>>> print(open('input-v4.pdb').read())   # PDB, C-alpha atoms and all ligand atoms
ATOM      1  CA  MET A   1      35.247 -16.370 -12.357
ATOM      2  CA  LEU A   2      33.210 -13.531 -10.920
ATOM      3  CA  GLU A   3      29.809 -15.033 -10.304
ATOM      4  CA  TYR A   4      28.108 -12.017  -8.833
ATOM      5  CA  SER A   5      28.597  -8.284  -9.217
ATOM      6  CA  GLN A   6      29.648  -6.589  -6.009
ATOM      7  CA  MET A   7      27.877  -3.617  -4.534
ATOM      8  CA  ARG A   8      29.824  -0.910  -2.745
ATOM      9  CA  ILE A   9      28.187   1.459  -0.269
ATOM     10  CA  ASP A  10      30.134   4.354   1.262
ATOM     11  CA  ILE A  11      28.625   5.886   4.383
ATOM     12  CA  LEU A  12      29.601   9.375   5.551
ATOM     13  CA  THR A  13      28.892   9.961   9.219
ATOM     14  CA  LEU A  14      29.929  11.900  12.304
ATOM     15  CA  PHE A  15      29.413   8.735  14.399
ATOM     16  CA  PRO A  16      31.194   5.830  12.670
ATOM     17  CA  THR A  17      31.174   3.565  15.724
ATOM     18  CA  MET A  18      27.368   3.379  15.514
ATOM     19  CA  PHE A  19      27.863   1.113  12.498
ATOM     20  CA  CYS A  20      29.979  -1.441  14.371
ATOM     21  CA  GLY A  21      27.745  -4.350  15.190
ATOM     22  CA  ALA A  22      24.617  -3.824  13.145
ATOM     23  CA  LEU A  23      26.375  -4.403   9.826
ATOM     24  CA  GLN A  24      28.713  -7.113  11.092
ATOM     25  CA  GLU A  25      26.313  -9.894  11.933
ATOM     26  CA  SER A  26      24.316 -12.547  10.159
ATOM     27  CA  ILE A  27      23.521 -12.078   6.475
ATOM     28  CA  LEU A  28      25.375  -8.780   6.020
ATOM     29  CA  LYS A  29      28.474 -10.252   7.638
ATOM     30  CA  ARG A  30      28.369 -13.237   5.296
ATOM     31  CA  ALA A  31      27.765 -10.998   2.253
ATOM     32  CA  GLN A  32      30.857  -8.943   3.083
ATOM     33  CA  GLN A  33      32.982 -12.048   3.729
ATOM     34  CA  ARG A  34      31.910 -13.428   0.351
ATOM     35  CA  GLY A  35      32.820 -10.161  -1.363
ATOM     36  CA  LEU A  36      29.259  -9.454  -2.499
ATOM     37  CA  LEU A  37      28.914  -6.317  -0.440
ATOM     38  CA  HIS A  38      31.616  -3.758   0.296
ATOM     39  CA  LEU A  39      30.696  -1.304   3.068
ATOM     40  CA  VAL A  40      33.041   1.563   3.868
ATOM     41  CA  ILE A  41      32.351   3.935   6.768
ATOM     42  CA  HIS A  42      33.949   7.398   6.647
ATOM     43  CA  GLN A  43      34.267   9.935   9.459
ATOM     44  CA  ILE A  44      33.200  13.326   8.065
ATOM     45  CA  ARG A  45      35.302  15.063  10.740
ATOM     46  CA  ASP A  46      38.463  13.634   9.140
ATOM     47  CA  TYR A  47      37.765  15.888   6.144
ATOM     48  CA  ALA A  48      37.435  19.119   8.144
ATOM     49  CA  LEU A  49      40.317  21.480   7.403
ATOM     50  CA  ASP A  50      40.356  23.785  10.433
ATOM     51  CA  ARG A  51      42.438  23.146  13.518
ATOM     52  CA  HIS A  52      39.454  22.125  15.613
ATOM     53  CA  GLN A  53      37.955  19.964  12.858
ATOM     54  CA  MET A  54      34.598  21.686  13.201
ATOM     55  CA  THR A  55      31.747  19.985  11.382
ATOM     56  CA  ASP A  56      28.845  22.138  12.565
ATOM     57  CA  ASP A  57      28.117  25.815  13.076
ATOM     58  CA  LEU A  58      25.328  28.235  14.025
ATOM     59  CA  PRO A  59      22.505  28.825  11.542
ATOM     60  CA  TYR A  60      22.543  32.112   9.616
ATOM     61  CA  GLY A  61      19.482  34.179  10.431
ATOM     62  CA  GLY A  62      19.225  32.590  13.855
ATOM     63  CA  GLY A  63      17.234  29.630  15.020
ATOM     64  CA  VAL A  64      17.753  26.600  17.195
ATOM     65  CA  GLY A  65      20.474  24.001  16.938
ATOM     66  CA  MET A  66      23.500  23.607  14.729
ATOM     67  CA  ILE A  67      23.941  23.083  10.987
ATOM     68  CA  MET A  68      26.400  20.708   9.319
ATOM     69  CA  LYS A  69      29.064  22.815   7.589
ATOM     70  CA  PRO A  70      29.477  22.344   3.834
ATOM     71  CA  GLU A  71      33.289  22.112   3.505
ATOM     72  CA  PRO A  72      33.885  18.804   5.345
ATOM     73  CA  VAL A  73      30.999  17.110   3.515
ATOM     74  CA  PHE A  74      32.152  18.395   0.088
ATOM     75  CA  ARG A  75      35.727  17.277   0.728
ATOM     76  CA  ALA A  76      34.599  13.885   1.999
ATOM     77  CA  VAL A  77      32.324  13.199  -0.992
ATOM     78  CA  ARG A  78      34.917  14.340  -3.546
ATOM     79  CA  THR A  79      37.804  12.490  -1.907
ATOM     80  CA  VAL A  80      35.913   9.247  -1.425
ATOM     81  CA  LEU A  81      34.359   9.199  -4.907
ATOM     82  CA  GLY A  82      37.478  10.551  -6.619
ATOM     83  CA  GLY A  83      35.662  11.092  -9.910
ATOM     84  CA  THR A  84      33.708   7.824  -9.775
ATOM     85  CA  GLN A  85      29.988   8.202 -10.411
ATOM     86  CA  ALA A  86      27.585   7.061  -7.695
ATOM     87  CA  PRO A  87      24.239   8.359  -6.458
ATOM     88  CA  VAL A  88      24.834  10.470  -3.335
ATOM     89  CA  ILE A  89      21.884  10.109  -0.968
ATOM     90  CA  LEU A  90      21.113  12.141   2.151
ATOM     91  CA  LEU A  91      19.293  10.492   5.061
ATOM     92  CA  THR A  92      16.903  13.083   6.436
ATOM     93  CA  PRO A  93      13.331  13.184   7.760
ATOM     94  CA  GLN A  94      12.610  15.486   4.776
ATOM     95  CA  GLY A  95      13.391  12.738   2.247
ATOM     96  CA  ARG A  96      11.018  10.598   0.211
ATOM     97  CA  THR A  97       9.814   7.567   2.125
ATOM     98  CA  PHE A  98      12.026   4.499   1.829
ATOM     99  CA  THR A  99      10.078   1.418   0.678
ATOM    100  CA  HIS A 100      10.604  -2.094  -0.700
ATOM    101  CA  ALA A 101      10.441  -0.602  -4.220
ATOM    102  CA  VAL A 102      13.058   2.076  -3.436
ATOM    103  CA  ALA A 103      15.375  -0.594  -1.989
ATOM    104  CA  GLN A 104      15.025  -2.649  -5.164
ATOM    105  CA  GLU A 105      15.704   0.412  -7.305
ATOM    106  CA  LEU A 106      18.842   1.383  -5.340
ATOM    107  CA  ALA A 107      20.196  -2.173  -5.561
ATOM    108  CA  GLN A 108      20.524  -1.732  -9.346
ATOM    109  CA  HIS A 109      23.488   0.619  -8.808
ATOM    110  CA  PRO A 110      26.988  -0.855  -8.393
ATOM    111  CA  ARG A 111      27.830   1.872  -5.898
ATOM    112  CA  LEU A 112      25.973   4.208  -3.521
ATOM    113  CA  MET A 113      27.018   6.918  -1.115
ATOM    114  CA  LEU A 114      24.917   7.611   1.974
ATOM    115  CA  ILE A 115      25.327  10.794   4.004
ATOM    116  CA  CYS A 116      23.909  10.751   7.520
ATOM    117  CA  GLY A 117      22.286  14.073   8.333
ATOM    118  CA  HIS A 118      22.618  15.436  11.851
ATOM    119  CA  TYR A 119      21.801  18.346  14.119
ATOM    120  CA  GLU A 120      19.150  20.642  12.659
ATOM    121  CA  GLY A 121      20.249  19.745   9.130
ATOM    122  CA  VAL A 122      22.917  20.290   6.506
ATOM    123  CA  ASP A 123      23.893  23.494   4.733
ATOM    124  CA  GLU A 124      21.554  23.846   1.740
ATOM    125  CA  ARG A 125      24.517  24.007  -0.672
ATOM    126  CA  VAL A 126      25.249  20.363   0.124
ATOM    127  CA  ARG A 127      21.726  19.548  -1.045
ATOM    128  CA  GLU A 128      22.010  21.700  -4.141
ATOM    129  CA  ARG A 129      25.393  20.481  -5.357
ATOM    130  CA  LEU A 130      26.054  16.982  -4.000
ATOM    131  CA  ILE A 131      22.794  15.237  -3.253
ATOM    132  CA  ILE A 132      20.754  13.455  -5.914
ATOM    133  CA  ASP A 133      18.186  11.856  -3.605
ATOM    134  CA  GLU A 134      16.947  12.234  -0.024
ATOM    135  CA  LEU A 135      15.442   9.386   1.960
ATOM    136  CA  SER A 136      13.470   9.109   5.187
ATOM    137  CA  ILE A 137      12.602   5.743   6.741
ATOM    138  CA  GLY A 138       9.268   6.854   8.176
ATOM    139  CA  ASP A 139       7.214   9.549   9.794
ATOM    140  CA  TYR A 140       9.065  10.023  13.063
ATOM    141  CA  VAL A 141      12.230  11.911  13.923
ATOM    142  CA  LEU A 142      15.492  10.146  14.775
ATOM    143  CA  THR A 143      18.477  11.796  16.428
ATOM    144  CA  GLY A 144      20.423  11.366  13.195
ATOM    145  CA  GLY A 145      20.552   9.600   9.846
ATOM    146  CA  GLU A 146      22.776   6.713  11.046
ATOM    147  CA  LEU A 147      20.050   4.269  12.062
ATOM    148  CA  ALA A 148      18.192   5.099   8.858
ATOM    149  CA  ALA A 149      21.346   4.447   6.802
ATOM    150  CA  MET A 150      21.668   1.016   8.424
ATOM    151  CA  VAL A 151      18.052   0.257   7.555
ATOM    152  CA  VAL A 152      18.693   1.279   3.942
ATOM    153  CA  VAL A 153      21.895  -0.809   3.697
ATOM    154  CA  ASP A 154      20.142  -3.864   5.100
ATOM    155  CA  ALA A 155      17.089  -3.632   2.834
ATOM    156  CA  VAL A 156      19.154  -2.830  -0.299
ATOM    157  CA  ALA A 157      21.675  -5.625   0.358
ATOM    158  CA  ARG A 158      18.873  -8.191   0.276
ATOM    159  CA  PHE A 159      18.397  -7.377  -3.418
ATOM    160  CA  VAL A 160      22.061  -7.828  -4.320
ATOM    161  CA  PRO A 161      22.266 -11.165  -6.160
ATOM    162  CA  GLY A 162      23.767 -13.875  -3.978
ATOM    163  CA  VAL A 163      23.349 -12.037  -0.658
ATOM    164  CA  LEU A 164      20.324 -14.090   0.306
ATOM    165  CA  GLY A 165      20.787 -17.850   0.253
ATOM    166  CA  ALA A 166      18.178 -19.968  -1.558
ATOM    167  CA  ALA A 167      16.534 -20.610   1.814
ATOM    168  CA  GLU A 168      16.128 -16.888   2.479
ATOM    169  CA  GLY A 169      14.895 -16.054  -1.025
ATOM    170  CA  ALA A 170      13.139 -12.704  -1.166
ATOM    171  CA  HIS A 171      10.233 -14.179  -3.159
ATOM    172  CA  ASP A 172       7.940 -15.403  -0.383
ATOM    173  CA  ASP A 173       8.619 -12.447   1.876
ATOM    174  CA  SER A 174       6.034 -10.053   3.129
ATOM    175  CA  TYR A 175       5.733  -7.252   0.546
ATOM    176  CA  ALA A 176       7.461  -9.118  -2.277
ATOM    177  CA  GLY A 177       4.156 -10.456  -3.576
ATOM    178  CA  GLY A 178       2.366  -7.404  -2.229
ATOM    179  CA  LEU A 179       0.881  -9.407   0.671
ATOM    180  CA  LEU A 180       1.932 -10.011   4.256
ATOM    181  CA  GLU A 181       2.997 -13.532   5.139
ATOM    182  CA  GLY A 182       0.566 -15.699   7.035
ATOM    183  CA  PRO A 183       1.321 -17.556  10.279
ATOM    184  CA  GLN A 184       4.350 -19.870  10.336
ATOM    185  CA  TYR A 185       5.132 -22.854  12.547
ATOM    186  CA  THR A 186       8.041 -25.119  13.385
ATOM    187  CA  ARG A 187       8.425 -28.107  15.702
ATOM    188  CA  PRO A 188       7.063 -29.213  18.116
ATOM    189  CA  PRO A 189       3.645 -30.076  16.608
ATOM    190  CA  VAL A 190       1.979 -29.371  19.971
ATOM    191  CA  PHE A 191       3.293 -26.627  22.270
ATOM    192  CA  GLU A 192       1.587 -25.944  25.590
ATOM    193  CA  GLY A 193      -1.514 -27.604  24.203
ATOM    194  CA  ARG A 194      -1.553 -25.485  21.008
ATOM    195  CA  GLN A 195      -1.594 -27.550  17.814
ATOM    196  CA  VAL A 196       0.073 -26.658  14.529
ATOM    197  CA  PRO A 197      -2.748 -26.447  11.920
ATOM    198  CA  GLU A 198      -3.456 -29.938  10.590
ATOM    199  CA  VAL A 199      -3.130 -28.881   6.933
ATOM    200  CA  LEU A 200       0.588 -28.100   7.370
ATOM    201  CA  LEU A 201       1.249 -31.674   8.509
ATOM    202  CA  SER A 202      -0.875 -33.213   5.727
ATOM    203  CA  GLY A 203       1.854 -33.470   3.089
ATOM    204  CA  ASP A 204      -0.720 -32.311   0.497
ATOM    205  CA  HIS A 205       1.314 -29.568  -1.197
ATOM    206  CA  ALA A 206      -1.524 -28.119  -3.267
ATOM    207  CA  ARG A 207      -3.741 -27.868  -0.199
ATOM    208  CA  ILE A 208      -0.897 -26.336   1.816
ATOM    209  CA  ALA A 209      -0.261 -23.732  -0.908
ATOM    210  CA  ARG A 210      -3.959 -22.770  -0.971
ATOM    211  CA  TRP A 211      -4.033 -22.478   2.829
ATOM    212  CA  LYS A 212      -0.903 -20.287   2.888
ATOM    213  CA  ARG A 213      -2.352 -18.004   0.217
ATOM    214  CA  ALA A 214      -5.646 -17.733   2.123
ATOM    215  CA  MET A 215      -3.842 -16.902   5.378
ATOM    216  CA  ALA A 216      -1.670 -14.285   3.634
ATOM    217  CA  LEU A 217      -4.786 -12.652   2.163
ATOM    218  CA  GLN A 218      -6.604 -12.720   5.506
ATOM    219  CA  ARG A 219      -3.678 -11.258   7.417
ATOM    220  CA  THR A 220      -3.168  -8.527   4.831
ATOM    221  CA  LEU A 221      -6.884  -7.684   4.881
ATOM    222  CA  VAL A 222      -6.862  -7.337   8.679
ATOM    223  CA  ARG A 223      -3.516  -5.563   9.163
ATOM    224  CA  ARG A 224      -2.709  -3.725   5.932
ATOM    225  CA  PRO A 225      -5.789  -3.498   3.703
ATOM    226  CA  ASP A 226      -4.020  -0.677   1.807
ATOM    227  CA  LEU A 227      -1.580  -3.247   0.383
ATOM    228  CA  LEU A 228      -4.416  -5.126  -1.352
ATOM    229  CA  GLU A 229      -4.893  -2.225  -3.777
ATOM    230  CA  ALA A 230      -1.507  -2.843  -5.411
ATOM    231  CA  ALA A 231      -1.350  -6.645  -5.026
ATOM    232  CA  SER A 232      -1.934  -8.850  -8.058
ATOM    233  CA  LEU A 233      -4.914 -10.987  -7.130
ATOM    234  CA  SER A 234      -6.475 -13.942  -8.942
ATOM    235  CA  ALA A 235     -10.222 -14.533  -9.191
ATOM    236  CA  GLU A 236      -9.791 -17.161  -6.462
ATOM    237  CA  ASP A 237      -8.029 -14.579  -4.257
ATOM    238  CA  GLU A 238     -10.877 -12.121  -4.786
ATOM    239  CA  ALA A 239     -13.412 -14.791  -3.841
ATOM    240  CA  LEU A 240     -11.490 -15.590  -0.649
ATOM    241  CA  LEU A 241     -11.323 -11.895   0.235
ATOM    242  CA  ARG A 242     -15.086 -11.489  -0.252
ATOM    243  CA  GLU A 243     -15.608 -14.416   2.104
ATOM    244  CA  PHE A 244     -13.215 -12.970   4.730
ATOM    245  CA  ARG A 245     -14.854  -9.551   4.496
ATOM    246  CA  ARG A 246     -18.248 -11.141   5.074
ATOM    247  CA  THR A 247     -16.878 -12.946   8.153
ATOM    248  CA  LEU A 248     -15.390  -9.717   9.437
ATOM    249  CA  GLY A 249     -18.726  -7.959   8.865
ATOM    250  CA  GLU A 250     -17.244  -5.449   6.466
ATOM    251  CA  PRO A 251     -18.818  -4.114   3.293
ATOM    252  CA  ASP A 252     -17.741  -5.788   0.044
ATOM    253  CA  GLY A 253     -16.922  -2.638  -1.847
ATOM    254  CA  VAL A 254     -17.840  -3.911  -5.335
ATOM    255  CA  GLU A 255     -20.940  -5.973  -6.305
TER     256      GLU A 255
HETATM  257 CL1  LIG B   1      16.646   9.478   7.411
HETATM  258  N1  LIG B   1      16.773  10.886   9.647
HETATM  259  C1  LIG B   1      16.287  11.334  10.809
HETATM  260  N2  LIG B   1      17.018  12.162  11.546
HETATM  261  N3  LIG B   1      15.079  11.010  11.252
HETATM  262  C2  LIG B   1      14.359  10.179  10.490
HETATM  263  C3  LIG B   1      14.823   9.656   9.288
HETATM  264  C4  LIG B   1      16.054  10.046   8.862
HETATM  265  N4  LIG B   1      13.859   8.860   8.759
HETATM  266  C5  LIG B   1      12.867   8.878   9.629
HETATM  267  N5  LIG B   1      13.153   9.675  10.664
END
>>> encode(input="input-v4.pdb", output="structure tokens", more="lines below")
Ligand code: 6GU
Amino acid sequence: MLEYSQMRIDILTLFPTMFCGALQESILKRAQQRGLLHLVIHQIRDYALDRHQMTDDLPYGGGVGMIMKPEPVFRAVRTVLGGTQAPVILLTPQGRTFTHAVAQELAQHPRLMLICGHYEGVDERVRERLIIDELSIGDYVLTGGELAAMVVVDAVARFVPGVLGAAEGAHDDSYAGGLLEGPQYTRPPVFEGRQVPEVLLSGDHARIARWKRAMALQRTLVRRPDLLEAASLSAEDEALLREFRRTLGEPDGVE
């Protein structure tokens, strides 16, 4: 019986060895061993037709750097997909910003293809004819799309059913509920004179839950107040936030 649907992600890159390691440890390793995630790395150069297997060339009209040639990328995409439908996504600093919500959205597809952009960019005809979406992982420039592709694979895989064990459930995570997680502790109860907060040792689950919620709200208010706009907050949450803002000497906003 097939308990979970598998997700396949094909990655097209000029530097396949970059993917050895990062995708072969921990949760992604286990997901692949269990057959929940199928990652296939393809060398774009293998699809170049000329004798020297050229994958880049000078930009028309002049300018700095090299441009990824269209033919190898077209051949690679068509050969690998072979008529199968899958969103083809380019990793480029020009893409829309990758977020928790985008990861969740991409995980709904049974198959994805990621193309790692390089050099000064790809020939525009690749964009026009092959690419359905472009993603960036943030406002900084990387030497290529490979590290970004690994980030996307990791974040998307977490939404594939069965990839996370019950213990790693995505529910409590930072961002899932729209808030950052509060402080966490494990044994020992006292480390170098620093005590674990008494409430966590109390065994009073309702009190612990209230404390965790309060800490999550406080941490989000201090570090990422922008996230509070979109978070779903109860009247009790709002009251706690008003109290924290007062303590921090910030204006209340409403009232
Ligand atoms: Cl997807 N590619 C490159 N080259 N730089 C980036 C990026 C992607 N996302 C953020 N910076």
>>> residues_around(input="input-v4.pdb", residues="Leu37 in chain A", least_positions_apart="4", cutoff="12 Å", atoms="all atoms listed in the file", output="ChimeraX atom specification")
/A:4-10,23-24,27-33,107,110-112,153-154,156-164
>>> residues_near_ligand(input="input-v4.pdb", ligand="ligand LIG 1 (chain B)", cutoff="8 Å", atoms="all atoms listed in the file", output="PDB file with C-alpha atoms, in the frame of the given file")
ATOM      1  CA  LEU A  90      21.113  12.141   2.151  1.00  0.00           C
ATOM      2  CA  LEU A  91      19.293  10.492   5.061  1.00  0.00           C
ATOM      3  CA  THR A  92      16.903  13.083   6.436  1.00  0.00           C
ATOM      4  CA  PRO A  93      13.331  13.184   7.760  1.00  0.00           C
ATOM      5  CA  GLN A  94      12.610  15.486   4.776  1.00  0.00           C
ATOM      6  CA  GLY A  95      13.391  12.738   2.247  1.00  0.00           C
ATOM      7  CA  THR A  97       9.814   7.567   2.125  1.00  0.00           C
ATOM      8  CA  CYS A 116      23.909  10.751   7.520  1.00  0.00           C
ATOM      9  CA  GLY A 117      22.286  14.073   8.333  1.00  0.00           C
ATOM     10  CA  HIS A 118      22.618  15.436  11.851  1.00  0.00           C
ATOM     11  CA  GLU A 134      16.947  12.234  -0.024  1.00  0.00           C
ATOM     12  CA  LEU A 135      15.442   9.386   1.960  1.00  0.00           C
ATOM     13  CA  SER A 136      13.470   9.109   5.187  1.00  0.00           C
ATOM     14  CA  ILE A 137      12.602   5.743   6.741  1.00  0.00           C
ATOM     15  CA  GLY A 138       9.268   6.854   8.176  1.00  0.00           C
ATOM     16  CA  ASP A 139       7.214   9.549   9.794  1.00  0.00           C
ATOM     17  CA  TYR A 140       9.065  10.023  13.063  1.00  0.00           C
ATOM     18  CA  VAL A 141      12.230  11.911  13.923  1.00  0.00           C
ATOM     19  CA  LEU A 142      15.492  10.146  14.775  1.00  0.00           C
ATOM     20  CA  THR A 143      18.477  11.796  16.428  1.00  0.00           C
ATOM     21  CA  GLY A 144      20.423  11.366  13.195  1.00  0.00           C
ATOM     22  CA  GLY A 145      20.552   9.600   9.846  1.00  0.00           C
ATOM     23  CA  GLU A 146      22.776   6.713  11.046  1.00  0.00           C
ATOM     24  CA  LEU A 147      20.050   4.269  12.062  1.00  0.00           C
ATOM     25  CA  ALA A 148      18.192   5.099   8.858  1.00  0.00           C
ATOM     26  CA  ALA A 149      21.346   4.447   6.802  1.00  0.00           C
TER      27      ALA A 149
END
>>> resolve_selection(input="input-v4.pdb", expression="the PyMOL selection byres (((chain A and resi 48) around 12) and not hetatm)", output="VMD selection string")
chain A and resid 14 43 to 47 49 to 56 68 to 76
>>> residues_around(input="input-v4.pdb", residues="range 178-181 of chain A", least_positions_apart="5", cutoff="6 Å", atoms="all atoms listed in the file", output="ChimeraX atom specification")
/A:216,220,231
>>> write_last_selection(input="input-v4.pdb", atoms="C-alpha atoms", output="PDB file, in the frame of the given file")
ATOM      1  CA  ALA A 216      -1.670 -14.285   3.634  1.00  0.00           C
ATOM      2  CA  THR A 220      -3.168  -8.527   4.831  1.00  0.00           C
ATOM      3  CA  ALA A 231      -1.350  -6.645  -5.026  1.00  0.00           C
TER       4      ALA A 231
END
>>> atom_distance(input="input-v4.pdb", atom1="CA of Ala167 in chain A", atom2="CA of Ser232 in chain A")
24.0 Å
>>> closest_residue(input="input-v4.pdb", among="A:Lys212, A:His100, A:Arg246, A:Arg129", to="Val199 in chain A", atoms="all atoms listed in the file")
A:Lys212
>>> closest_residue(input="input-v4.pdb", among="A:Val40, A:Met150, A:Ala101, A:Leu241", to="Leu228 in chain A", atoms="all atoms listed in the file")
A:Leu241
>>> atom_distance(input="input-v4.pdb", atom1="CA of Leu221 in chain A", atom2="CA of Ala235 in chain A")
16.0 Å
>>> closest_residue(input="input-v4.pdb", among="A:Leu12, A:Ala209, A:Ile67, A:Val222", to="Leu114 in chain A", atoms="all atoms listed in the file")
A:Leu12
>>> closest_residue(input="input-v4.pdb", among="A:Met18, A:Val122, A:Val77, A:Ile11", to="Leu39 in chain A", atoms="only C-alpha atoms")
A:Ile11
>>> build_atoms(input="input-v4.pdb", residues="range 206-218 of chain A", atoms="N, CA and C atoms", output="mmCIF file, in the coordinates of the input")
data_model
loop_
_atom_site.group_PDB
_atom_site.id
_atom_site.type_symbol
_atom_site.label_atom_id
_atom_site.label_comp_id
_atom_site.auth_asym_id
_atom_site.auth_seq_id
_atom_site.Cartn_x
_atom_site.Cartn_y
_atom_site.Cartn_z
ATOM 1 N N ALA A 206 -0.564 -29.034 -2.638
ATOM 2 C CA ALA A 206 -1.524 -28.119 -3.267
ATOM 3 C C ALA A 206 -2.426 -27.496 -2.201
ATOM 4 N N ARG A 207 -2.867 -28.352 -1.272
ATOM 5 C CA ARG A 207 -3.741 -27.868 -0.199
ATOM 6 C C ARG A 207 -2.986 -26.885 0.694
ATOM 7 N N ILE A 208 -1.718 -27.209 0.985
ATOM 8 C CA ILE A 208 -0.897 -26.336 1.816
ATOM 9 C C ILE A 208 -0.723 -24.969 1.139
ATOM 10 N N ALA A 209 -0.450 -24.989 -0.169
ATOM 11 C CA ALA A 209 -0.261 -23.732 -0.908
ATOM 12 C C ALA A 209 -1.526 -22.883 -0.862
ATOM 13 N N ARG A 210 -2.692 -23.521 -1.027
ATOM 14 C CA ARG A 210 -3.959 -22.770 -0.971
ATOM 15 C C ARG A 210 -4.164 -22.185 0.424
ATOM 16 N N TRP A 211 -3.870 -22.951 1.448
ATOM 17 C CA TRP A 211 -4.033 -22.478 2.829
ATOM 18 C C TRP A 211 -3.112 -21.277 3.106
ATOM 19 N N LYS A 212 -1.856 -21.386 2.661
ATOM 20 C CA LYS A 212 -0.903 -20.287 2.888
ATOM 21 C C LYS A 212 -1.357 -19.009 2.188
ATOM 22 N N ARG A 213 -1.868 -19.158 0.970
ATOM 23 C CA ARG A 213 -2.352 -18.004 0.217
ATOM 24 C C ARG A 213 -3.547 -17.375 0.946
ATOM 25 N N ALA A 214 -4.457 -18.228 1.419
ATOM 26 C CA ALA A 214 -5.646 -17.733 2.123
ATOM 27 C C ALA A 214 -5.249 -16.993 3.401
ATOM 28 N N MET A 215 -4.276 -17.539 4.134
ATOM 29 C CA MET A 215 -3.842 -16.902 5.378
ATOM 30 C C MET A 215 -3.146 -15.567 5.097
ATOM 31 N N ALA A 216 -2.349 -15.526 4.011
ATOM 32 C CA ALA A 216 -1.670 -14.285 3.634
ATOM 33 C C ALA A 216 -2.703 -13.210 3.282
ATOM 34 N N LEU A 217 -3.731 -13.601 2.541
ATOM 35 C CA LEU A 217 -4.786 -12.652 2.163
ATOM 36 C C LEU A 217 -5.526 -12.158 3.396
ATOM 37 N N GLN A 218 -5.858 -13.083 4.296
ATOM 38 C CA GLN A 218 -6.604 -12.720 5.506
ATOM 39 C C GLN A 218 -5.787 -11.763 6.378
#
